[in-house]
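So this block is target.csv, CSV, C-alpha atoms and all ligand atoms:
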chain,number,residue,atom,x,y,z
A,245,MET,CA,21.6,101.0,-75.6
A,246,THR,CA,18.1,101.7,-77.1
A,247,PRO,CA,18.3,104.0,-80.1
A,248,ALA,CA,16.8,107.5,-79.5
A,249,ARG,CA,13.3,107.9,-80.9
A,250,PRO,CA,13.1,110.3,-83.8
A,251,ALA,CA,11.5,113.7,-83.0
A,252,PRO,CA,7.7,113.5,-83.3
A,253,ARG,CA,6.1,115.1,-86.4
A,254,LEU,CA,3.7,117.8,-85.1
A,255,ILE,CA,0.9,119.2,-87.1
A,256,LEU,CA,-1.2,122.2,-86.3
A,257,ALA,CA,-4.9,121.2,-86.4
A,258,PRO,CA,-7.4,123.0,-88.6
A,259,LEU,CA,-9.6,125.2,-86.3
A,260,LYS,CA,-12.0,127.2,-88.5
A,261,GLY,CA,-12.2,130.8,-87.3
A,262,PHE,CA,-8.9,130.5,-85.6
A,263,THR,CA,-6.0,128.9,-87.5
A,264,ASP,CA,-6.2,131.0,-90.6
A,265,VAL,CA,-3.3,132.4,-92.6
A,266,ILE,CA,-2.8,135.3,-90.1
A,267,PHE,CA,-2.7,133.1,-87.1
A,268,ARG,CA,-0.5,130.4,-88.8
A,269,ASN,CA,2.1,133.0,-89.9
A,270,THR,CA,2.1,134.9,-86.6
A,271,PHE,CA,2.4,131.7,-84.7
A,272,ALA,CA,5.3,130.4,-86.8
A,273,GLU,CA,7.1,133.7,-86.4
A,274,HIS,CA,6.9,133.6,-82.6
A,275,PHE,CA,6.9,129.9,-81.6
A,276,GLN,CA,8.6,126.8,-82.7
A,277,GLY,CA,7.7,123.1,-83.0
A,278,PHE,CA,5.2,122.6,-85.7
A,279,ASP,CA,6.2,120.8,-88.9
A,280,GLY,CA,3.2,122.0,-90.8
A,281,ALA,CA,-0.6,122.6,-90.6
A,282,VAL,CA,-3.8,121.4,-92.1
A,283,ALA,CA,-5.8,124.5,-93.0
A,284,PRO,CA,-9.4,124.9,-92.0
A,285,PHE,CA,-11.8,123.4,-94.5
A,286,ILE,CA,-13.0,124.9,-97.7
A,287,PRO,CA,-16.4,123.7,-98.9
A,288,ALA,CA,-16.3,122.0,-102.2
A,289,VAL,CA,-18.8,123.9,-104.3
A,290,ALA,CA,-19.8,123.4,-108.0
A,291,ALA,CA,-17.1,124.6,-110.4
A,292,ASP,CA,-19.1,127.7,-111.5
A,293,ARG,CA,-19.6,128.8,-107.9
A,294,LEU,CA,-15.9,128.5,-106.9
A,295,THR,CA,-14.4,132.0,-106.4
A,296,ASP,CA,-11.1,133.4,-105.4
A,297,LYS,CA,-12.6,134.1,-102.0
A,298,HIS,CA,-12.8,130.4,-101.3
A,299,VAL,CA,-9.0,130.0,-101.6
A,300,ARG,CA,-7.9,133.4,-100.3
A,301,ASP,CA,-6.5,131.9,-97.1
A,302,LEU,CA,-4.2,129.6,-99.1
A,303,LEU,CA,-2.4,132.1,-101.5
A,304,PRO,CA,1.0,130.5,-101.7
A,305,HIS,CA,3.0,133.8,-101.3
A,306,GLN,CA,1.2,134.4,-98.0
A,307,ASN,CA,1.8,130.8,-96.8
A,308,THR,CA,5.5,130.6,-96.7
A,309,CYS,CA,6.0,130.2,-92.9
A,310,MET,CA,5.0,126.6,-92.6
A,311,PRO,CA,4.0,123.8,-95.0
A,312,ILE,CA,0.2,123.7,-95.4
A,313,GLU,CA,-2.2,121.0,-96.5
A,314,PRO,CA,-5.5,122.4,-97.6
A,315,GLN,CA,-8.7,120.7,-96.4
A,316,ILE,CA,-11.9,120.1,-98.4
A,317,LEU,CA,-15.3,119.5,-97.0
A,318,GLY,CA,-17.7,117.8,-99.4
A,319,ASN,CA,-19.3,114.6,-100.7
A,320,THR,CA,-19.5,115.2,-104.5
A,321,ALA,CA,-16.5,113.7,-106.3
A,322,GLU,CA,-16.8,116.1,-109.2
A,323,ASP,CA,-16.6,119.3,-107.1
A,324,PHE,CA,-13.8,117.8,-104.9
A,325,VAL,CA,-11.7,116.9,-108.0
A,326,PHE,CA,-12.3,120.4,-109.4
A,327,LEU,CA,-11.1,122.1,-106.2
A,328,SER,CA,-8.2,119.7,-105.8
A,329,HIS,CA,-7.0,120.7,-109.3
A,330,ARG,CA,-7.3,124.4,-108.4
A,331,LEU,CA,-5.3,123.8,-105.2
A,332,PHE,CA,-2.7,121.7,-107.1
A,333,ASP,CA,-2.3,124.6,-109.6
A,334,MET,CA,-1.6,126.9,-106.6
A,335,GLY,CA,1.2,124.6,-105.6
A,336,TYR,CA,-0.5,122.2,-103.1
A,337,PRO,CA,0.2,118.6,-104.1
A,338,ASP,CA,-1.7,117.0,-101.2
A,339,VAL,CA,-5.3,117.7,-100.0
A,340,ASN,CA,-7.1,116.5,-96.9
A,341,TRP,CA,-10.7,115.3,-96.9
A,342,ASN,CA,-12.8,116.4,-93.9
A,343,LEU,CA,-14.7,113.4,-92.5
A,344,GLY,CA,-14.9,114.7,-89.0
A,345,CYS,CA,-17.0,117.9,-88.9
A,346,PRO,CA,-19.7,117.2,-86.3
A,347,PHE,CA,-22.1,120.1,-86.8
A,348,ARG,CA,-25.6,119.2,-87.7
A,349,PRO,CA,-26.1,121.5,-90.8
A,350,VAL,CA,-23.0,119.7,-92.2
A,351,THR,CA,-23.8,116.2,-91.1
A,352,LYS,CA,-27.4,116.2,-92.2
A,353,LYS,CA,-26.2,116.8,-95.8
A,354,ARG,CA,-24.0,113.7,-95.3
A,355,ARG,CA,-20.8,115.7,-95.3
A,356,GLY,CA,-18.0,115.7,-92.7
A,357,SER,CA,-18.8,113.1,-90.0
A,358,GLY,CA,-22.2,112.7,-91.6
A,359,LEU,CA,-20.6,110.2,-94.1
A,360,LEU,CA,-19.0,108.0,-91.4
A,361,PRO,CA,-22.1,105.6,-91.1
A,362,PHE,CA,-22.0,105.0,-94.9
A,363,PRO,CA,-18.9,103.0,-96.0
A,364,ASP,CA,-20.5,102.4,-99.4
A,365,ARG,CA,-20.8,106.1,-100.1
A,366,VAL,CA,-17.2,106.7,-98.9
A,367,ASP,CA,-16.1,103.9,-101.2
A,368,ALA,CA,-18.0,105.3,-104.2
A,369,PHE,CA,-16.5,108.8,-103.5
A,370,LEU,CA,-12.9,107.5,-103.3
A,371,SER,CA,-13.2,105.3,-106.3
A,372,LYS,CA,-14.2,108.4,-108.4
A,373,THR,CA,-12.0,110.9,-106.7
A,374,LEU,CA,-8.6,109.2,-106.2
A,375,PRO,CA,-7.9,108.4,-109.9
A,376,ALA,CA,-8.9,112.0,-110.8
A,377,ILE,CA,-6.9,114.1,-108.4
A,378,PRO,CA,-3.4,115.2,-109.3
A,379,GLY,CA,-1.7,114.6,-105.9
A,380,ARG,CA,-2.1,112.6,-102.7
A,381,LEU,CA,-5.2,112.4,-100.4
A,382,SER,CA,-5.2,112.4,-96.7
A,383,ILE,CA,-8.2,112.1,-94.5
A,384,LYS,CA,-9.1,113.6,-91.1
A,385,MET,CA,-11.9,111.8,-89.3
A,386,ARG,CA,-13.7,110.9,-86.0
A,387,LEU,CA,-14.5,107.4,-84.9
A,388,GLY,CA,-18.1,107.7,-86.1
A,389,ARG,CA,-21.1,109.9,-86.2
A,390,ASN,CA,-23.1,108.1,-83.5
A,391,HIS,CA,-21.1,105.1,-82.5
A,392,PRO,CA,-17.3,104.6,-82.2
A,393,ALA,CA,-17.6,101.2,-84.0
A,394,GLU,CA,-18.6,102.9,-87.2
A,395,ILE,CA,-14.9,103.4,-88.0
A,396,LEU,CA,-14.4,99.6,-88.0
A,397,ARG,CA,-16.6,99.2,-91.1
A,398,LEU,CA,-14.7,102.1,-92.8
A,399,LEU,CA,-11.1,101.1,-92.3
A,400,PRO,CA,-11.3,98.0,-94.6
A,401,VAL,CA,-12.7,100.4,-97.3
A,402,LEU,CA,-9.9,102.9,-96.7
A,403,ASP,CA,-7.4,100.1,-96.9
A,404,ARG,CA,-8.2,99.6,-100.5
A,405,TYR,CA,-7.0,103.1,-101.5
A,406,PRO,CA,-3.6,104.7,-101.6
A,407,LEU,CA,-3.9,107.4,-98.9
A,408,LYS,CA,-1.1,109.6,-97.6
A,409,GLU,CA,-2.3,109.2,-94.0
A,410,ILE,CA,-5.4,109.3,-91.8
A,411,THR,CA,-5.7,111.6,-88.8
A,412,ILE,CA,-8.1,110.2,-86.2
A,413,HIS,CA,-9.7,112.2,-83.5
A,414,PRO,CA,-11.0,109.4,-81.4
A,415,ARG,CA,-14.4,110.7,-80.4
A,416,THR,CA,-17.8,110.4,-82.1
A,417,ALA,CA,-19.5,113.4,-83.7
A,418,ARG,CA,-22.3,113.1,-81.2
A,419,GLN,CA,-19.8,113.5,-78.4
A,420,MET,CA,-18.6,116.8,-79.9
A,421,TYR,CA,-15.8,117.5,-77.3
A,422,ALA,CA,-17.3,115.8,-74.3
A,423,GLY,CA,-15.7,113.0,-72.4
A,424,ARG,CA,-12.2,111.7,-73.2
A,425,PRO,CA,-10.7,110.5,-76.5
A,426,ASP,CA,-11.3,106.8,-76.8
A,427,LEU,CA,-7.7,105.5,-76.7
A,428,ASP,CA,-8.7,101.8,-76.7
A,429,MET,CA,-10.5,102.4,-80.0
A,430,PHE,CA,-7.6,104.3,-81.4
A,431,GLN,CA,-5.4,101.3,-80.6
A,432,ILE,CA,-7.9,99.0,-82.4
A,433,CYS,CA,-7.7,101.3,-85.4
A,434,LEU,CA,-3.9,101.1,-85.4
A,435,GLU,CA,-4.2,97.3,-85.5
A,436,GLN,CA,-6.8,97.3,-88.2
A,437,SER,CA,-5.5,99.9,-90.7
A,438,ARG,CA,-2.6,99.5,-93.1
A,439,HIS,CA,-2.3,103.3,-93.3
A,440,ARG,CA,-0.1,105.7,-91.4
A,441,LEU,CA,-2.4,107.0,-88.6
A,442,VAL,CA,-1.9,110.5,-87.0
A,443,TYR,CA,-3.3,110.8,-83.5
A,444,ASN,CA,-5.4,113.9,-82.7
A,445,GLY,CA,-7.2,114.9,-79.5
A,446,ASP,CA,-6.7,116.6,-76.2
A,447,ILE,CA,-2.9,117.0,-76.3
A,448,THR,CA,-2.6,119.8,-73.8
A,449,ASP,CA,0.6,119.3,-71.9
A,450,LEU,CA,4.0,117.5,-72.1
A,451,SER,CA,3.1,114.8,-69.6
A,452,GLY,CA,-0.1,114.0,-71.4
A,453,PHE,CA,1.8,113.8,-74.7
A,454,ARG,CA,4.4,111.5,-73.1
A,455,CYS,CA,1.7,109.1,-71.9
A,456,LEU,CA,0.3,109.0,-75.4
A,457,ALA,CA,3.7,108.5,-77.0
A,458,THR,CA,4.4,105.6,-74.6
A,459,ARG,CA,1.1,104.0,-75.2
A,460,PHE,CA,1.3,104.3,-79.0
A,461,PRO,CA,5.0,103.8,-79.8
A,462,GLY,CA,4.3,103.2,-83.5
A,463,VAL,CA,2.7,106.6,-84.0
A,464,ASP,CA,5.1,109.2,-85.4
A,465,SER,CA,2.7,112.1,-86.2
A,466,TRP,CA,0.5,114.1,-83.8
A,467,MET,CA,-2.0,116.8,-84.5
A,468,ILE,CA,-2.6,119.5,-81.9
A,469,GLY,CA,-5.3,122.1,-82.0
A,470,ARG,CA,-6.8,123.7,-78.8
A,471,GLY,CA,-3.7,122.7,-76.8
A,472,ALA,CA,-1.5,124.9,-78.9
A,473,LEU,CA,-3.8,127.8,-78.7
A,474,SER,CA,-3.9,127.6,-74.9
A,475,ASN,CA,-0.2,127.0,-74.6
A,476,PRO,CA,1.7,128.1,-77.7
A,477,PHE,CA,5.0,126.8,-76.2
A,478,LEU,CA,3.6,123.3,-76.2
A,479,PRO,CA,4.8,122.2,-79.6
A,480,ALA,CA,8.4,123.2,-78.8
A,481,MET,CA,8.2,121.5,-75.4
A,482,ILE,CA,7.1,118.3,-77.1
A,483,ARG,CA,9.8,118.5,-79.7
A,484,THR,CA,12.6,119.2,-77.3
A,485,GLY,CA,11.1,117.0,-74.6
A,486,ARG,CA,11.5,119.7,-71.9
A,487,ASP,CA,10.0,123.0,-70.8
A,488,GLY,CA,13.1,125.1,-71.3
A,489,VAL,CA,11.5,128.4,-72.4
A,490,GLY,CA,12.1,131.5,-70.3
A,491,GLY,CA,10.2,134.8,-70.4
A,492,LYS,CA,7.0,133.2,-71.5
A,493,MET,CA,4.8,136.2,-70.6
A,494,GLU,CA,6.9,138.6,-72.7
A,495,LYS,CA,7.0,136.2,-75.6
A,496,PHE,CA,3.3,135.6,-75.4
A,497,ARG,CA,2.6,139.3,-75.2
A,498,ALA,CA,4.7,140.0,-78.3
A,499,PHE,CA,2.8,137.3,-80.2
A,500,TYR,CA,-0.6,138.6,-79.0
A,501,GLU,CA,0.2,142.2,-80.0
A,502,GLU,CA,1.3,141.2,-83.5
A,503,LEU,CA,-1.8,139.0,-83.9
A,504,PHE,CA,-4.1,141.8,-82.9
A,505,ALA,CA,-2.3,144.3,-85.2
A,506,ARG,CA,-2.6,142.0,-88.2
A,507,TYR,CA,-6.3,141.3,-87.6
A,508,GLN,CA,-6.9,145.0,-87.1
A,509,GLU,CA,-5.5,145.5,-90.5
A,510,ARG,CA,-7.4,142.6,-92.1
A,511,LEU,CA,-10.9,142.7,-90.5
A,512,CYS,CA,-13.5,145.4,-91.3
A,513,GLY,CA,-15.0,147.1,-88.3
A,514,PRO,CA,-14.4,147.0,-84.6
A,515,GLY,CA,-17.2,144.4,-84.0
A,516,HIS,CA,-15.4,141.7,-86.1
A,517,LEU,CA,-12.1,142.4,-84.5
A,518,LEU,CA,-13.6,142.3,-81.0
A,519,ASN,CA,-15.3,139.0,-81.7
A,520,ARG,CA,-12.2,137.4,-83.2
A,521,MET,CA,-10.1,138.4,-80.3
A,522,LYS,CA,-12.6,137.3,-77.7
A,523,GLY,CA,-12.6,133.9,-79.5
A,524,PHE,CA,-8.9,133.6,-79.1
A,525,TRP,CA,-9.0,134.6,-75.4
A,526,THR,CA,-11.3,131.6,-74.6
A,527,TYR,CA,-8.1,129.6,-75.3
A,528,PHE,CA,-5.4,132.0,-74.4
A,529,ALA,CA,-6.9,132.5,-70.9
A,530,CYS,CA,-6.3,128.9,-70.0
A,531,ALA,CA,-2.5,129.6,-69.9
A,532,PHE,CA,-2.8,132.0,-66.9
A,533,GLU,CA,-3.2,131.5,-63.2
A,534,ASN,CA,-6.3,133.7,-63.1
A,535,GLY,CA,-7.6,132.4,-66.4
A,536,PRO,CA,-11.3,132.3,-65.5
A,537,ASP,CA,-11.2,135.9,-64.3
A,538,ILE,CA,-9.5,137.3,-67.4
A,539,GLN,CA,-11.8,135.2,-69.6
A,540,LYS,CA,-14.8,136.7,-67.8
A,541,SER,CA,-13.7,140.3,-68.0
A,542,ILE,CA,-12.8,140.0,-71.7
A,543,HIS,CA,-16.1,138.3,-72.4
A,544,HIS,CA,-17.8,141.3,-70.8
A,545,SER,CA,-15.9,143.9,-72.7
A,546,PHE,CA,-18.6,145.0,-75.2
A,547,THR,CA,-16.6,147.7,-77.1
A,548,LEU,CA,-13.2,147.7,-78.6
A,549,PRO,CA,-11.8,150.5,-76.3
A,550,ARG,CA,-13.1,148.6,-73.2
A,551,TYR,CA,-11.5,145.4,-74.5
A,552,LEU,CA,-8.2,147.1,-75.1
A,553,GLU,CA,-8.3,148.6,-71.6
A,554,THR,CA,-9.0,145.1,-70.1
A,555,VAL,CA,-6.2,143.4,-71.9
A,556,GLU,CA,-3.8,146.3,-71.1
A,557,ARG,CA,-4.7,146.0,-67.4
A,558,PHE,CA,-4.3,142.2,-67.5
A,559,PHE,CA,-0.7,142.5,-68.9
A,560,ALA,CA,0.2,145.4,-66.6
A,561,GLU,CA,-0.9,143.6,-63.5
A,562,GLY,CA,1.7,140.9,-64.1
A,563,ALA,CA,-0.5,137.9,-64.8
A,564,GLY,CA,1.2,134.6,-63.9
A,565,TRP,CA,1.8,131.9,-66.6
A,566,ARG,CA,0.3,128.7,-65.3
A,567,LYS,CA,1.3,126.1,-67.9
B,601,LIG,C1,-13.3,126.0,-83.3
B,601,LIG,C2,-13.0,124.7,-84.0
B,601,LIG,C3,-12.9,124.7,-85.3
B,601,LIG,C4,-12.5,123.5,-86.0
B,601,LIG,N1,-12.4,123.5,-87.4
B,601,LIG,C5,-12.1,122.3,-88.0
B,601,LIG,C6,-11.9,122.3,-89.4
B,601,LIG,O1,-12.0,123.3,-90.2
B,601,LIG,N2,-11.5,121.1,-90.0
B,601,LIG,C7,-11.3,119.9,-89.2
B,601,LIG,O2,-11.0,118.9,-89.7
B,601,LIG,N3,-11.5,120.0,-87.9
B,601,LIG,C8,-11.8,121.1,-87.3
B,601,LIG,N4,-11.9,121.2,-85.9
B,601,LIG,C9,-11.5,120.0,-85.1
B,601,LIG,C10,-10.0,120.1,-84.7
B,601,LIG,O3,-9.2,120.1,-85.9
B,601,LIG,C11,-9.5,118.9,-83.9
B,601,LIG,O4,-9.8,117.7,-84.5
B,601,LIG,C12,-10.2,118.9,-82.5
B,601,LIG,O5,-10.2,120.2,-81.9
B,601,LIG,C13,-9.5,118.0,-81.5
B,601,LIG,O6,-8.1,118.2,-81.4
B,601,LIG,P1,-7.5,119.1,-80.2
B,601,LIG,O7,-8.0,118.5,-78.9
B,601,LIG,O8,-6.0,119.0,-80.3
B,601,LIG,O9,-8.1,120.5,-80.3
B,601,LIG,C14,-12.3,122.3,-85.2
B,601,LIG,C15,-12.3,122.4,-83.8
B,601,LIG,C16,-12.7,123.5,-83.2
B,601,LIG,C17,-12.7,123.6,-81.7
Now that the file is in, can you turn its structure into structure tokens?
Amino acid sequence: MTPARPAPRLILAPLKGFTDVIFRNTFAEHFQGFDGAVAPFIPAVAADRLTDKHVRDLLPHQNTCMPIEPQILGNTAEDFVFLSHRLFDMGYPDVNWNLGCPFRPVTKKRRGSGLLPFPDRVDAFLSKTLPAIPGRLSIKMRLGRNHPAEILRLLPVLDRYPLKEITIHPRTARQMYAGRPDLDMFQICLEQSRHRLVYNGDITDLSGFRCLATRFPGVDSWMIGRGALSNPFLPAMIRTGRDGVGGKMEKFRAFYEELFARYQERLCGPGHLLNRMKGFWTYFACAFENGPDIQKSIHHSFTLPRYLETVERFFAEGAGWRK
């Protein structure tokens, strides 16, 4: 008899503007399945510019629902080390370095995925940073900025350092989210890296996850972002290996209402609240049979009362759960 495979380790991906402390806590109170989360990035700024606001989302007493790894975006070892110490003092032993952000204002300053074509710079950064930070470092990266093969020049550099793990989203930055993750390239990375690799990208349903788990039997950790926003039951389904949840609509509604109430308390002004909730619905809508219609009517709700009316009508009309 083949021994049962251990349950996969599931990590909530950082999605800036979405998976903040309010979302993480509300999610963990309503849904199961995640072992932890990487928090959206904090920019590494010079020591004299670092304020409490930068780390507000990570206050330990507000982050008790799931283990969190803070993420830092930057390319200056000094600033990175300073922020790592601050986070360590707050109780976070491990930090994550963002080498994946694909947005031009970030990459043109050679931050995020903008560093991927420069293995020497990555090497110099790590050689200064690693001996100076108090805990472990993990990395989250794409395959490259412009070409998937950029990662092949980086992996030997990363092999020289003691990293906790490397999460790979197998797309280039230039691709943004177009096309499919390059699984062949991820396989090559598995063969060429000595580090523990975490797979990330387009895990949206149980059968898709099973295909990935079969193809990469040596991978024990998986990071899920958009797929968990559009189907919050997905992590539990993956963990248990089956879709055994009943009353999804009621459970989703309870989650949504709590999320809304907490953002209403936190955000100043109806405009901010409306924008935040509209953002969430671009993902939530995917879970429903009439997703494109609900997405469209929410998108066209230009005031908070109109938005509330639209959502109320949507729930009252008995929308069907698709996933
Ligand atoms: C709106 C949005 C915000 C994101 N913010 C971050 C971030 O702060 N740090 C990071 O490393 N990746 C960020 N990402 C990338 C995701 O963590 C993840 O790598 C990507 O969405 C692919 O995984 P998925 O298909 O499971 O969503 C973001 C992605 C999106 C769509």
Notebook entry, point to check: Which residues come within 12 Å of Gly490 of chain A, counting all atoms listed in the file, excluding same-chain residues fewer than 6 positions away, as a ChimeraX atom specification?
Noted result: /A:477,481,496,565
Next item on the list: Would you be able to write out as an MDAnalysis selection string which residues have an atom within 12 Å of (6.8, 117.6, -79.9) in the file's coordinates, counting only C-alpha atoms?
Entry: chainID A and resid 249:256 276:279 447:454 456:457 464:468 472 476:487
Next item on the list: Using all atoms listed in the file, pick whichever of A:Gly261, A:Gly344, A:Gly469, A:Gly535 has the shortest atom-to-atom distance to Asp446 of chain A.
Entry: A:Gly469
Note to self: Can you pull out every residue with an atom within 10 Å of ligand LIG 601 (chain B)? Use only C-alpha atoms and all ligand atoms and format it as a PyMOL selection string.
What the structure shows: chain A and resi 255-264+282-287+314-317+340-346+356-357+383-386+411-415+420-421+424-425+443-448+466-474+523-524+527
Item checked: Atomic separation - atom CA of Val339 of chain A relative to atom CA of Ser437 of chain A, Å ->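 If I compute the distance from atom CA of Ser437 of chain A to atom CA of Val339 of chain A, I get 20.1 Å.
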Check: Distance atom CA of Leu396 of chain A-atom CA of Asp428 of chain A, one decimal place?
Finding: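 Pair atom CA of Leu396 of chain A / atom CA of Asp428 of chain A returns 12.8 Å.
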Check: Which value, in Å to one decimal, gives the distance between atom CA of Phe332 of chain A and atom CA of Ile312 of chain A?
Finding: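 Atom-to-atom, atom CA of Phe332 of chain A and atom CA of Ile312 of chain A are spaced 12.2 Å apart.
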